[in-house]
Amino acid sequence: MLKIENLHAEIDGKPILKGLSLTVNAGEVHAIMGPNGAGKSTLGYVLGGRPGYEVTAGSVTFDGHDLLDMDTHDRAAAGLFLGFQYPVEIPGVSNVQFLREALNAQRKSRGEAPLSGAEFLKLARAQADLLGMNQEMLKRPVNVGFSGGEKKRNEMVQMGIIAPKFAILDETDSGLDIDALKAVGEGINRIMRAPDKAVLLITHYERLLEYVEPDHVHVLVDGRIVRSGGPELAKQLEAEGYAEVAA
């Protein structure tokens, strides 16, 4: 589904990714782990098409198409979802308004009919219930006044509504208490664990992987993947640290 070959990228002239290669097949969950400054978030931003991140070498294909040649909104319409470590607040725009516009824009680009207000509300409320989020929060401005856990639950509701093919989740476990971590982990499994979908989890810690068991774990250090393995590698990293495992 996703194939990255010898990817180099920089921001403000500073090289961050330095020859990263990775293949993610449909039905798989891959975890990217590594120390601060290794390039984990940069990888997510490059795949998502965030401005300011310049690819200087390498290629990325998504479902057989050149991902790097696609505009950001086209990547989203093709089924790519990027979850942020710090979800942004959008004052003055309600969750319902934001999500309905986002979903219908994607449906339009795929030649699908837009959902009516009633159809969308039914979908949104169902997803909120499944994530244990108060439906009143759908009426509030996007993430404004939300706690860290509420923002992450809201992001999972967004993912459930949009139903992407491929989710890149950047430190989704950041700032979550035990209950919120479990709810988010269950949400990822419910929404994305399917033969025709895939997930790239970017995280520092093994705790999220106790709820979303990865098929493959990769250690990213200084812009390159230096080691790969199964779920046991995450436990080894947790016990020994990056310096020992990546040496």
# chains A, B, ... in the order shown; residues from 1 in each chain; ligands from 1
$ select_by_dssp --residues "range 19-96 of chain A" --states "strand (DSSP E or B)" --output "VMD selection string"
chain A and resid 19 to 24 29 to 33 53 to 62 65 to 66 80 to 83 90 to 94
$ select_by_dssp --residues "range 120-239 of chain A" --states "alpha helix (DSSP H)" --output "ChimeraX atom specification"
/A:120-130,148-162,178-192,231-239
$ closest_residue --among "A:Gly132, A:Gly64, A:Pro35, A:Gly52" --to "Leu2 in chain A" --atoms "only C-alpha atoms"
A:Gly64
$ residues_around --residues "Glu213 in chain A" --least-positions-apart "2" --cutoff "12 Å" --atoms "only C-alpha atoms" --output "list in words"
Glu28, Val29, His30, Ala31, Gly185, Glu186, Ile188, Asn189, Arg193, Val199, Leu200, Leu201, Glu206, Arg207, Leu208, Leu209, Glu210, Tyr211, Asp215, His216, Val217, Gly230, Pro231, Glu232, Leu233, Ala234 and Lys235 of chain A
$ atom_distance --atom1 "CA of Arg153 in chain A" --atom2 "CA of Leu131 in chain A"
6.5 Å
$ closest_residue --among "A:Lys3, A:His204, A:Lys139, A:Lys108" --to "Gly241 in chain A" --atoms "only C-alpha atoms"
A:His204
$ residues_around --residues "Asn143 in chain A" --least-positions-apart "6" --cutoff "8 Å" --atoms "only C-alpha atoms" --output "VMD selection string"
chain A and resid 87 to 90 150 to 151 154
$ write_last_selection --atoms "N, CA and C atoms" --output "PDB file, in the first residue's frame"
ATOM      1  N   PRO A  87      -3.205  18.147  18.350  1.00  0.00           N
ATOM      2  CA  PRO A  87      -4.304  18.578  17.471  1.00  0.00           C
ATOM      3  C   PRO A  87      -4.596  20.061  17.647  1.00  0.00           C
ATOM      4  N   VAL A  88      -4.782  20.757  16.534  1.00  0.00           N
ATOM      5  CA  VAL A  88      -4.948  22.208  16.572  1.00  0.00           C
ATOM      6  C   VAL A  88      -6.373  22.589  16.956  1.00  0.00           C
ATOM      7  N   GLU A  89      -6.509  23.775  17.530  1.00  0.00           N
ATOM      8  CA  GLU A  89      -7.808  24.339  17.863  1.00  0.00           C
ATOM      9  C   GLU A  89      -8.256  25.249  16.722  1.00  0.00           C
ATOM     10  N   ILE A  90      -9.559  25.210  16.420  1.00  0.00           N
ATOM     11  CA  ILE A  90     -10.117  26.054  15.357  1.00  0.00           C
ATOM     12  C   ILE A  90     -11.296  26.826  15.944  1.00  0.00           C
ATOM     13  N   GLU A 150      -9.376  14.572  25.495  1.00  0.00           N
ATOM     14  CA  GLU A 150     -10.553  14.876  24.674  1.00  0.00           C
ATOM     15  C   GLU A 150     -10.157  15.178  23.233  1.00  0.00           C
ATOM     16  N   LYS A 151      -9.032  15.866  23.053  1.00  0.00           N
ATOM     17  CA  LYS A 151      -8.570  16.160  21.695  1.00  0.00           C
ATOM     18  C   LYS A 151      -8.243  14.876  20.940  1.00  0.00           C
ATOM     19  N   ASN A 154     -11.403  13.089  20.087  1.00  0.00           N
ATOM     20  CA  ASN A 154     -12.033  13.805  18.981  1.00  0.00           C
ATOM     21  C   ASN A 154     -11.352  13.464  17.661  1.00  0.00           C
TER      22      ASN A 154
END
$ atom_distance --atom1 "CA of Gly223 in chain A" --atom2 "CA of Ser59 in chain A"
15.2 Å
